[in-house]
>>> print(open('start26.txt').read())   # compact mmCIF, C-alpha atoms
# COMPACT_ATOMS: atom_id res chain seq x y z
CA MET A 170 -15.69 19.86 -4.05
CA TRP A 171 -16.20 20.20 -0.34
CA ASN A 172 -17.64 23.37 1.15
CA ASN A 173 -18.86 24.80 -2.19
CA ASN A 174 -22.56 25.28 -1.36
CA LEU A 175 -23.48 22.64 -3.93
CA VAL A 176 -27.22 21.96 -4.04
CA GLY A 177 -29.30 19.17 -5.53
CA THR A 178 -29.24 15.41 -5.29
CA LEU A 179 -26.57 12.79 -5.91
CA PRO A 180 -27.31 11.20 -9.29
CA ALA A 181 -27.17 7.41 -9.57
CA GLU A 182 -25.06 7.93 -12.69
CA LEU A 183 -22.09 8.62 -10.42
CA GLY A 184 -21.88 4.84 -10.27
CA ASN A 185 -20.80 4.87 -13.92
CA LEU A 186 -17.48 6.48 -12.95
CA VAL A 187 -15.77 3.10 -12.58
CA ASN A 188 -12.28 4.58 -12.03
CA LEU A 189 -13.37 7.08 -9.38
CA GLN A 190 -11.13 6.79 -6.32
CA SER A 191 -12.25 9.72 -4.19
CA LEU A 192 -15.59 11.50 -3.83
CA VAL A 193 -15.43 14.37 -1.36
CA LEU A 194 -18.65 16.39 -1.27
CA ASP A 195 -18.88 17.22 2.43
CA ASN A 196 -20.08 20.56 3.80
CA ASN A 197 -22.50 21.30 0.97
CA GLN A 198 -26.29 21.38 0.75
CA LEU A 199 -26.93 18.11 -1.06
CA GLU A 200 -30.33 16.52 -0.43
CA GLY A 201 -32.05 13.22 -1.02
CA SER A 202 -30.73 9.72 -0.57
CA ILE A 203 -27.32 8.19 -1.26
CA PRO A 204 -27.33 6.16 -4.50
CA ALA A 205 -26.47 2.49 -3.95
CA ALA A 206 -24.44 2.63 -7.17
CA LEU A 207 -21.68 4.52 -5.32
CA GLY A 208 -20.93 1.38 -3.31
CA GLU A 209 -20.50 -0.62 -6.49
CA ILE A 210 -17.49 1.41 -7.67
CA GLN A 211 -14.62 -0.99 -6.93
CA SER A 212 -11.93 1.71 -7.11
CA LEU A 213 -13.67 4.12 -4.68
CA GLN A 214 -11.61 4.43 -1.48
CA PHE A 215 -12.60 7.82 -0.07
CA LEU A 216 -16.27 8.74 0.33
CA ARG A 217 -17.12 11.86 2.29
CA LEU A 218 -20.72 13.05 2.14
CA ASP A 219 -20.97 14.44 5.68
CA ASP A 220 -22.61 17.71 6.65
CA ASN A 221 -25.19 17.79 3.89
CA ARG A 222 -28.96 17.21 4.07
CA LEU A 223 -29.02 13.56 3.07
CA ILE A 224 -31.90 11.37 4.20
CA GLY A 225 -33.01 7.75 4.16
CA THR A 226 -30.76 4.82 4.93
CA ILE A 227 -27.18 4.02 4.01
CA PRO A 228 -27.25 1.54 1.12
CA THR A 229 -25.80 -1.88 2.00
CA THR A 230 -23.42 -1.57 -0.96
CA ILE A 231 -21.80 1.29 0.96
CA ALA A 232 -22.25 0.03 4.52
CA ASP A 233 -20.63 -3.29 3.60
CA GLY A 234 -17.88 -1.69 1.49
CA SER A 235 -14.20 -1.46 2.35
CA PHE A 236 -13.33 2.23 2.18
CA GLN A 237 -10.18 3.83 3.53
CA VAL A 238 -12.27 6.84 4.52
CA LEU A 239 -16.06 6.76 4.89
CA ASN A 240 -17.85 9.68 6.49
CA LEU A 241 -21.60 10.00 6.03
CA GLU A 242 -22.51 11.97 9.16
CA ASN A 243 -25.54 14.17 8.42
CA PRO A 244 -28.01 15.91 10.74
CA PRO A 245 -31.33 14.29 11.66
CA TYR A 246 -34.28 15.08 9.45
CA ILE A 247 -38.08 15.14 9.54
CA ALA A 248 -39.21 11.74 8.29
CA ASN A 249 -42.93 12.33 8.82
CA ALA A 250 -44.67 15.68 9.22
CA ILE A 251 -45.92 16.42 12.70
CA PRO A 252 -49.69 16.81 12.44
CA ASP A 253 -51.50 19.69 14.08
CA ARG A 254 -53.17 18.70 17.32
CA ALA A 255 -56.00 20.49 19.08
CA ILE A 256 -55.65 20.46 22.87
CA THR A 257 -58.09 21.98 25.30
CA LEU A 258 -57.67 23.12 28.89
CA ASN A 259 -57.00 20.32 31.40
CA ASP A 260 -56.45 17.65 28.71
CA GLU A 261 -54.12 14.79 29.58
CA VAL A 262 -51.52 14.81 26.83
CA GLU A 263 -49.10 12.22 25.48
CA ILE A 264 -47.57 12.98 22.12
CA ASP A 265 -44.74 10.80 20.81
CA LEU A 266 -42.59 12.80 18.38
CA SER A 267 -39.90 10.13 17.92
CA GLY A 268 -41.56 8.57 14.86
CA ASN A 269 -41.42 11.90 13.07
CA PHE A 270 -37.63 12.18 12.97
CA ALA A 271 -34.84 9.98 11.62
CA ASP A 272 -31.08 9.98 11.28
CA LEU A 273 -29.15 8.65 8.28
CA ASN A 274 -26.56 7.05 10.56
CA SER A 275 -29.15 5.80 13.07
CA ASP A 276 -27.58 8.00 15.74
CA SER A 277 -29.62 8.77 18.85
CA ILE A 278 -31.70 11.91 18.55
CA SER A 279 -32.24 14.35 21.40
CA TYR A 280 -35.22 16.71 21.48
CA SER A 281 -35.99 20.17 22.84
CA VAL A 282 -38.97 22.48 22.43
CA GLU A 283 -39.82 26.16 22.59
CA GLY A 284 -43.24 27.52 23.47
CA LEU A 285 -44.57 24.38 25.17
CA PRO A 286 -47.74 25.26 27.13
CA GLU A 287 -47.50 25.28 30.92
CA GLY A 288 -48.11 21.83 32.41
CA LEU A 289 -46.53 19.93 29.52
CA ASN A 290 -43.03 18.45 29.57
CA LEU A 291 -40.80 16.93 26.94
CA ASP A 292 -38.50 13.99 27.61
CA PRO A 293 -35.36 15.01 25.64
CA ASP A 294 -34.30 11.38 25.16
CA THR A 295 -37.58 9.82 23.99
CA GLY A 296 -39.25 12.78 22.26
CA ILE A 297 -42.49 12.22 24.22
CA ILE A 298 -44.51 15.20 25.43
CA THR A 299 -46.66 14.45 28.49
CA GLY A 300 -48.65 16.32 31.10
CA GLU A 301 -51.89 18.16 31.66
CA THR A 302 -52.63 21.43 29.98
CA SER A 303 -53.30 24.03 32.64
CA ASN A 304 -52.76 27.20 30.67
CA ILE A 305 -53.39 27.18 26.93
CA MET A 306 -53.47 30.19 24.70
CA SER A 307 -55.41 30.04 21.47
CA GLY A 308 -53.06 29.65 18.53
CA SER A 309 -50.06 28.56 20.62
CA ILE A 310 -47.08 27.60 18.54
CA VAL A 311 -44.64 24.94 19.69
CA ILE A 312 -41.27 24.69 18.00
CA VAL A 313 -39.57 21.30 18.16
CA ASN A 314 -35.79 21.15 17.90
CA TYR A 315 -33.89 17.92 17.32
CA THR A 316 -30.20 17.12 17.18
CA SER A 317 -28.12 14.04 16.65
CA ALA A 318 -26.43 12.74 19.77
CA ILE A 319 -23.17 11.57 18.22
>>> encode(input="start26.txt", output="structure tokens")
Amino acid sequence: MWNNNLVGTLPAELGNLVNLQSLVLDNNQLEGSIPAALGEIQSLQFLRLDDNRLIGTIPTTIADGSFQVLNLENPPYIANAIPDRAITLNDEVEIDLSGNFADLNSDSISYSVEGLPEGLNLDPDTGIITGETSNIMSGSIVIVNYTSAI
């Protein structure tokens, strides 16, 4: 059922399919976490859940499993909302964005921004914005982009 624009979450009840040998749900729009029950299916040999919107951690029942094919690569996600922050002219700024994003596979995340006020810089590897605000416009909007560095 790959590439079918499936939406929703993976139900834990999938673990009741004790004779399931292959579960291929990649390239859909599935959200939420991966049920640990999937790793308890002894007959399951092929598990492909990549390119969805899955979050959280990979259950140990799956990470420690012996699959012929296991692909769980999903894009990074926002783990904690980035709070609004008021900054005034000539403020020294240090904002660490790294705690706001996570990756299911614990891949490194790289960062980029759009609309960052003059005088501020983003380290693409650490996700830390630093600098001194020298030109701030009221109501400035900064867009943070993040990608997995696989």
>>> closest_atom_pairs(input="start26.txt", of="stretch 263-288 of chain A", to="stretch 250-256 of chain A", cutoff="9 Å", atoms="only C-alpha atoms", output="Markdown table")
| residue | atom | partner | partner_atom | distance |
| --- | --- | --- | --- | --- |
| A:Leu266 | CA | A:Ile251 | CA | 7.5 |
| A:Asn269 | CA | A:Ala250 | CA | 6.3 |
| A:Phe270 | CA | A:Ala250 | CA | 8.7 |
>>> atom_distance(input="start26.txt", atom1="atom CA of A:Leu258", atom2="atom CA of A:Gly300")
11.5 Å
>>> closest_atom_pairs(input="start26.txt", of="stretch 227-273 of chain A", to="stretch 292-298 of chain A", cutoff="12 Å", atoms="all atoms listed in the file", output="JSON lines")
{"residue": "A:Glu261", "atom": "CA", "partner": "A:Ile298", "partner_atom": "CA", "distance": 10.5}
{"residue": "A:Val262", "atom": "CA", "partner": "A:Ile298", "partner_atom": "CA", "distance": 7.2}
{"residue": "A:Glu263", "atom": "CA", "partner": "A:Ile298", "partner_atom": "CA", "distance": 5.5}
{"residue": "A:Ile264", "atom": "CA", "partner": "A:Ile298", "partner_atom": "CA", "distance": 5.0}
{"residue": "A:Asp265", "atom": "CA", "partner": "A:Ile297", "partner_atom": "CA", "distance": 4.3}
{"residue": "A:Leu266", "atom": "CA", "partner": "A:Gly296", "partner_atom": "CA", "distance": 5.1}
{"residue": "A:Ser267", "atom": "CA", "partner": "A:Gly296", "partner_atom": "CA", "distance": 5.1}
{"residue": "A:Gly268", "atom": "CA", "partner": "A:Gly296", "partner_atom": "CA", "distance": 8.8}
{"residue": "A:Asn269", "atom": "CA", "partner": "A:Gly296", "partner_atom": "CA", "distance": 9.5}
{"residue": "A:Phe270", "atom": "CA", "partner": "A:Gly296", "partner_atom": "CA", "distance": 9.4}
{"residue": "A:Ala271", "atom": "CA", "partner": "A:Gly296", "partner_atom": "CA", "distance": 11.9}
>>> atom_distance(input="start26.txt", atom1="atom CA of A:Ser279", atom2="atom CA of A:Ser303")
25.8 Å
>>> residues_around(input="start26.txt", residues="A:Asn172", least_positions_apart="4", cutoff="8 Å", atoms="only C-alpha atoms", output="PyMOL selection string")
chain A and resi 194-197
>>> residues_near_point(input="start26.txt", point="(-29.2, 7.3, 10.6)", cutoff="12 Å", atoms="all atoms listed in the file", output="PyMOL selection string")
chain A and resi 202+219+222-228+232+241-248+270-278+316-319
>>> write_last_selection(input="start26.txt", atoms="C-alpha atoms", output="mmCIF file, keeping the file's coordinate frame")
data_model
loop_
_atom_site.group_PDB
_atom_site.id
_atom_site.type_symbol
_atom_site.label_atom_id
_atom_site.label_comp_id
_atom_site.auth_asym_id
_atom_site.auth_seq_id
_atom_site.Cartn_x
_atom_site.Cartn_y
_atom_site.Cartn_z
ATOM 1 C CA SER A 202 -30.730 9.720 -0.570
ATOM 2 C CA ASP A 219 -20.970 14.440 5.680
ATOM 3 C CA ARG A 222 -28.960 17.210 4.070
ATOM 4 C CA LEU A 223 -29.020 13.560 3.070
ATOM 5 C CA ILE A 224 -31.900 11.370 4.200
ATOM 6 C CA GLY A 225 -33.010 7.750 4.160
ATOM 7 C CA THR A 226 -30.760 4.820 4.930
ATOM 8 C CA ILE A 227 -27.180 4.020 4.010
ATOM 9 C CA PRO A 228 -27.250 1.540 1.120
ATOM 10 C CA ALA A 232 -22.250 0.030 4.520
ATOM 11 C CA LEU A 241 -21.600 10.000 6.030
ATOM 12 C CA GLU A 242 -22.510 11.970 9.160
ATOM 13 C CA ASN A 243 -25.540 14.170 8.420
ATOM 14 C CA PRO A 244 -28.010 15.910 10.740
ATOM 15 C CA PRO A 245 -31.330 14.290 11.660
ATOM 16 C CA TYR A 246 -34.280 15.080 9.450
ATOM 17 C CA ILE A 247 -38.080 15.140 9.540
ATOM 18 C CA ALA A 248 -39.210 11.740 8.290
ATOM 19 C CA PHE A 270 -37.630 12.180 12.970
ATOM 20 C CA ALA A 271 -34.840 9.980 11.620
ATOM 21 C CA ASP A 272 -31.080 9.980 11.280
ATOM 22 C CA LEU A 273 -29.150 8.650 8.280
ATOM 23 C CA ASN A 274 -26.560 7.050 10.560
ATOM 24 C CA SER A 275 -29.150 5.800 13.070
ATOM 25 C CA ASP A 276 -27.580 8.000 15.740
ATOM 26 C CA SER A 277 -29.620 8.770 18.850
ATOM 27 C CA ILE A 278 -31.700 11.910 18.550
ATOM 28 C CA THR A 316 -30.200 17.120 17.180
ATOM 29 C CA SER A 317 -28.120 14.040 16.650
ATOM 30 C CA ALA A 318 -26.430 12.740 19.770
ATOM 31 C CA ILE A 319 -23.170 11.570 18.220
#
>>> atom_distance(input="start26.txt", atom1="atom CA of A:Asn188", atom2="atom CA of A:Gly208")
12.7 Å
>>> closest_residue(input="start26.txt", among="A:Gln198, A:Gln237, A:Gln214, A:Asn185", to="A:Met170", atoms="only C-alpha atoms")
A:Gln198
>>> residues_near_point(input="start26.txt", point="(-16.9, 14.3, -0.4)", cutoff="6 Å", atoms="only C-alpha atoms", output="MDAnalysis selection string")
chainID A and resid 171 192:195 216:218
>>> closest_residue(input="start26.txt", among="A:Leu189, A:Leu289, A:Ala181, A:Val238", to="A:Phe215", atoms="all atoms listed in the file")
A:Val238
>>> closest_residue(input="start26.txt", among="A:Ile231, A:Thr299, A:Leu199, A:Asp220", to="A:Gly184", atoms="all atoms listed in the file")
A:Ile231
>>> closest_residue(input="start26.txt", among="A:Thr302, A:Leu239, A:Gly234, A:Leu175", to="A:Glu200", atoms="all atoms listed in the file")
A:Leu175
>>> closest_residue(input="start26.txt", among="A:Leu183, A:Glu209, A:Pro204, A:Asn249", to="A:Thr230", atoms="all atoms listed in the file")
A:Glu209
>>> decode(input="start26.txt", residues="stretch 223-236 of chain A", atoms="N, CA and C atoms", output="compact mmCIF listing (two decimals), in the first residue's frame")
# COMPACT_ATOMS: atom_id res chain seq x y z
N LEU A 223 6.04 10.16 10.58
CA LEU A 223 6.10 9.48 11.87
C LEU A 223 7.04 10.21 12.82
N ILE A 224 6.69 10.17 14.11
CA ILE A 224 7.46 10.90 15.12
C ILE A 224 7.76 9.98 16.30
N GLY A 225 8.55 10.50 17.22
CA GLY A 225 8.87 9.76 18.45
C GLY A 225 10.16 9.00 18.31
N THR A 226 10.20 7.84 18.92
CA THR A 226 11.39 6.99 18.85
C THR A 226 11.00 5.64 18.25
N ILE A 227 12.00 4.94 17.77
CA ILE A 227 11.76 3.60 17.22
C ILE A 227 11.67 2.63 18.40
N PRO A 228 10.57 1.91 18.53
CA PRO A 228 10.43 0.98 19.65
C PRO A 228 11.55 -0.06 19.65
N THR A 229 12.01 -0.45 20.82
CA THR A 229 13.10 -1.43 20.92
C THR A 229 12.69 -2.77 20.31
N THR A 230 11.40 -3.09 20.35
CA THR A 230 10.94 -4.35 19.74
C THR A 230 11.23 -4.37 18.25
N ILE A 231 11.30 -3.19 17.64
CA ILE A 231 11.61 -3.09 16.21
C ILE A 231 13.11 -2.91 16.01
N ALA A 232 13.72 -2.03 16.78
CA ALA A 232 15.15 -1.76 16.65
C ALA A 232 15.98 -3.02 16.89
N ASP A 233 15.54 -3.87 17.79
CA ASP A 233 16.27 -5.09 18.12
C ASP A 233 15.82 -6.29 17.29
N GLY A 234 14.87 -6.09 16.38
CA GLY A 234 14.32 -7.18 15.59
C GLY A 234 15.26 -7.63 14.49
N SER A 235 14.94 -8.74 13.88
CA SER A 235 15.76 -9.27 12.78
C SER A 235 14.90 -9.30 11.51
N PHE A 236 14.87 -8.18 10.83
CA PHE A 236 14.09 -8.03 9.61
C PHE A 236 14.99 -8.22 8.39
